[in-house]
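*Asks:* Supplied in structure tokens, the structure appears directly below.
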Amino acid sequence: MYTFKKEERLCNKVLIEQLFHSGSSFLCYPFRVTWLPSAASQHFPAQVLFAVPKKRFKKAVDRNAIKRRAREAYRLHKQQHLYNQLTGTGKKIIISIGYIGKELAGYEQVEKKMVKLLVQLCGEVAK
RNA sequence: GACGCAAAACGUUCUAUCGCUAUCCCGAUUUGUCGGGAGGGAGGAAAGUCCGGGCAACGCAGAGCAUCCUGCUUCCUAACCGGAAGGCGCCGACAGCCGGCGACAGCCAGUGCCACAGAAAAUAUACCGCCCCAACUUGUUGGGGUAAGGGUGAAAACGUGAGGUAAGAGCUCACGGCGAUUACGGGCGACCGUAGUGGCGGUAAACCUCAGGAGUUGAAAAACCAAAUAGGUCCCGGAAGUGGAGUGGCUCGCUCCCGUAUAACGAUUUAUCGUAUCGCCGGGAUGGGUAGGUUGCUAAAGCCUGUCAGCAAUGGCAGGCGCAGAUUAAUGAUAGAAGUCGCUUAAGCGAUACAGAACCCGGCUUACAGAUUUGCUGCUGAU
RNA sequence: CGGGAUGUAGCGUAGCCCGGUAUCGCGCCAGCAUGGGGUGCUGGAGGUCGUAGGUUCAAAUCCUGCCAUCCCGA
């Protein structure tokens with residue numbers, strides 16, 4: 001299912017605060033992933049948010065482009081690499097994916113790294 | 001014809017697959033939503049946040065002062081540090097034309113400042129020079145007059161000529177320059193022309209004076225909603241752990257004593273006692289706050305066409321259109337084709353900008369590949 | 001979204017209000033002193049005053065537009 005609805009996004013302010021306060025994180029250049037097991041009742045096995053720092057990318061156009069590419073790559077690959085594993089173990093998590101690269105990455109690169117990132121995330125969650 | 005300048009208007013398109021967002025319709029539904037379909041979904045600057053408004057909350061007798069802003073005139077506008085037309089000045093080697101630019105009120109209100117150089121930088125404090133007087137050692141000294149000449153400077157006491165004088169000086173006269181003011185004429189007005197009068201360094205993006213204007217805070221404003229949690233106030237009802245000791249690092253717990261309504265402890269009230277009230281538990285009511293949701297939220301000082309008024313900005317009338325509304329934040333990703341421009345004989349290759357709504361408008365400023373139209377010229381060629 | 005401050009030599013700063021000469025410390029270079037180094041003493045170099053215009057005889061300073069950095073409110 002290549003969907004990406006509102007319920008799959010992380011919008012709750014309290015949850016975001018918890019995530020950044022007590023979540024565990026790892027690096028998969030050019031992304032920094034922070035995740036936390038969630039007890040909240042939600043339809044989908046994961047809620048995600050994307051972030052691009054304003055400090056590195058001054059122009060709103062560039063930030064939007066990066067977020068759109070990352071979101072698109074996540075949307076196309078989450079079912080295969082993340083949801084299947086999560087539903088298998090019955091876990092539910094919240095994720096934040098921050099972009100820490102300095103250059104404006106093309107879609108091919110973003111897609112490749114996103115797949116690697118999701119696989120690595122599954123490994124972390126399974127521990 | 002090229003370049004440049006100015007103004008106006010534009011600023012990619014189509015197809016396929018997979019998605020996002022709000023609206024409407026149909027169906028299902030456990031009333032939470034789910035499925036299908038339809039036609040919508042970034043800009044000329046959405047940007048910078050530099051001005052002006054709408055809208056909202058709060059405040060508000062009137063006047064003055066302070067602070068800040070604006071500054072030729074007349075119009076336009078909801079309003080404006082905006083726009084139009086005009087006046088004046090400057091620039092384009094140039095009289096005019098044409099184009100561009102102008103914080104363009106007032107140094108004849110007052111105060112301040114004008115480095116260095118120079119005699120002197122503003123009521124002329126006289127270096128050289130010129131002139132007069134005095135003294136004597138006859139070419140010097142002292143006293144006085146003088147801003148015409150020298151040199152300095154960004155700027156030198158309005159400029160040139162004549163009269164005048166011991167020598168000189170707007171001291172006087174003629175012509176000319178500047179700005180002030182009075183009268184007349186033209187213009188709605190800024191201002192222009194003519195004549196007269198008194199005058200003559202610059203600087204107000206120096207203090208300031210004059211005239212006009214400004215209440216404060218911003219959609220995270222503001223209004224509303226019903227659950228959960230903590231707690232405030234009020235009302236009703238209830239009655240027992242709320243006292244002491246031990247154990248224990250502390251809390252909880254456990255054990256013992258006391259008490260269970262005429263009780264005990266603490267606080268308030270009172271000179272004191274008594275009485276009364278509060279504390280504890282349960283229920284109810286009520287207002288405020290936090291996360292969340294809804295409204296605000298997109299129909300607008302709106303756009304297009306025609307016509308009328310006006311030099312124009314703009315306005316009136318008629319007809320038509322219905323044009324993004326997200327909220328950790330949609331408007332996308334991939335592939336292919338076309339268009340435009342550059343290089344190239346062609347094939348082909350490369351480029352396709354600046355940039356992303358956040359309550360909404362009117363401007364200004366800044367960024368911008370390419371490309372269109374109009375106007376102008378001091379350049380070039382031909383006639 | 002709204003508000004405020006600051007850009008000066010390699011680094012940190014003064015000067016800006018009230019216009020005319022850009023200061024100080026560390027660092028750098030050269031010399032002296034020492035057997036040599038450090039310390040010390042003496043001398044010197046090094047500046048588009050963030051950027052583009054304007055006002056002025058003259059601008060780091062006054063005015064305007066941009067750029068960058070930092071801070072504050074929520």
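In the structure tokens, each chain is lettered A, B, ... as it comes, each chain's residues begin at 1, and ligands are numbered from 1 in order of appearance.
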As a PyMOL selection string, list the residues of chain A assigned to alpha helix (DSSP H) by DSSP on the backbone atoms of this structure.

*Replies:* chain A and resi 13-22+60-78+84-89+107-126

*Asks:* Could you name the residues that touch C:G54 at 10 Å or less, counting only C-alpha atoms (C1' of nucleotides), but leaving out those on the same chain fewer than 6 positions away, as a tab-separated table (two decimals) with N, CA and C atoms (P, O5', C5', C4', C3', O3' and C1' of nucleotides), in the first residue's frame?

*Replies:*
chain	number	residue	atom	x	y	z
B	205	A	P	18.08	67.76	6.39
B	205	A	O5'	18.55	66.28	6.44
B	205	A	C5'	18.93	65.66	7.67
B	205	A	C4'	19.91	64.54	7.40
B	205	A	C3'	21.28	65.01	6.96
B	205	A	O3'	22.12	65.14	8.10
B	205	A	C1'	20.45	63.31	5.52
C	63	C	P	21.60	58.22	10.82
C	63	C	O5'	20.98	58.38	9.38
C	63	C	C5'	19.97	59.35	9.13
C	63	C	C4'	19.56	59.34	7.67
C	63	C	C3'	19.16	57.99	7.11
C	63	C	O3'	17.83	57.64	7.46
C	63	C	C1'	20.62	59.04	5.60
C	64	U	P	17.43	56.07	7.63
C	64	U	O5'	17.42	55.53	6.14
C	64	U	C5'	16.44	56.01	5.22
C	64	U	C4'	16.71	55.48	3.82
C	64	U	C3'	16.82	53.97	3.69
C	64	U	O3'	15.57	53.33	3.70
C	64	U	C1'	18.55	55.00	2.45

*Asks:* Please determine, counting only C-alpha atoms (C1' of nucleotides), which residue among B:C349, B:A369, B:C113, B:A120 has the shortest atom-to-atom distance to C:G19.

*Replies:*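 Using only C-alpha atoms (C1' of nucleotides), C:G19 sits closest to B:C113.
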
*Asks:* When distances are computed from only C-alpha atoms (C1' of nucleotides), which of A:Lys55, A:Arg9, A:Lys78, A:Ile100 shows the smallest separation from chain C?

*Replies:* A:Lys55

*Asks:* Near chain A, meaning an atom within 8 Å, which residues of chain B appear when counting only C-alpha atoms (C1' of nucleotides)? Write them as JSON, numbers by chain.

*Replies:* {"B": [18, 19, 20, 328, 332, 333, 355, 356]}

*Asks:* Report the distance between atom CA of A:Ile93 and atom CA of A:Pro53 in Å, rounded to one decimal place.

*Replies:* 23.2 Å

*Asks:* Between C:C28, C:G20, C:U69, C:U51, single out the one closest to chain A, counting only C-alpha atoms (C1' of nucleotides).

*Replies:*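 Using only C-alpha atoms (C1' of nucleotides), chain A sits closest to C:U69.
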
*Asks:* Give the strand (DSSP E or B) residues of stretch 62-124 of chain A, as assigned by DSSP on the backbone, as a PyMOL selection string.

*Replies:* chain A and resi 93-99

*Asks:* Would you export the selected residues with N, CA, C and O atoms as a compact mmCIF listing (two decimals), in the first residue's frame, please?

*Replies:*
# COMPACT_ATOMS: atom_id res chain seq x y z
N ILE A 93 5.97 2.11 16.73
CA ILE A 93 7.01 3.08 17.04
C ILE A 93 6.67 4.46 16.45
O ILE A 93 5.81 4.59 15.57
N ILE A 94 7.37 5.48 16.98
CA ILE A 94 7.34 6.81 16.36
C ILE A 94 8.77 7.15 15.96
O ILE A 94 9.72 6.83 16.67
N ILE A 95 8.89 7.80 14.79
CA ILE A 95 10.20 8.05 14.19
C ILE A 95 10.31 9.52 13.80
O ILE A 95 9.32 10.14 13.38
N SER A 96 11.53 10.05 13.94
CA SER A 96 11.81 11.34 13.31
C SER A 96 13.03 11.15 12.41
O SER A 96 14.01 10.52 12.80
N ILE A 97 12.92 11.64 11.17
CA ILE A 97 14.02 11.54 10.22
C ILE A 97 14.51 12.95 9.91
O ILE A 97 13.82 13.73 9.26
N GLY A 98 15.69 13.28 10.40
CA GLY A 98 16.25 14.61 10.17
C GLY A 98 17.30 14.54 9.08
O GLY A 98 18.02 13.56 8.96
N TYR A 99 17.37 15.59 8.27
CA TYR A 99 18.35 15.65 7.18
C TYR A 99 19.53 16.47 7.66
O TYR A 99 19.36 17.63 8.06

*Asks:* Just give me the gap between atom C1' of B:G201 and atom C1' of C:A58 in Å, one decimal is fine.

*Replies:*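 The value is 17.9 Å.
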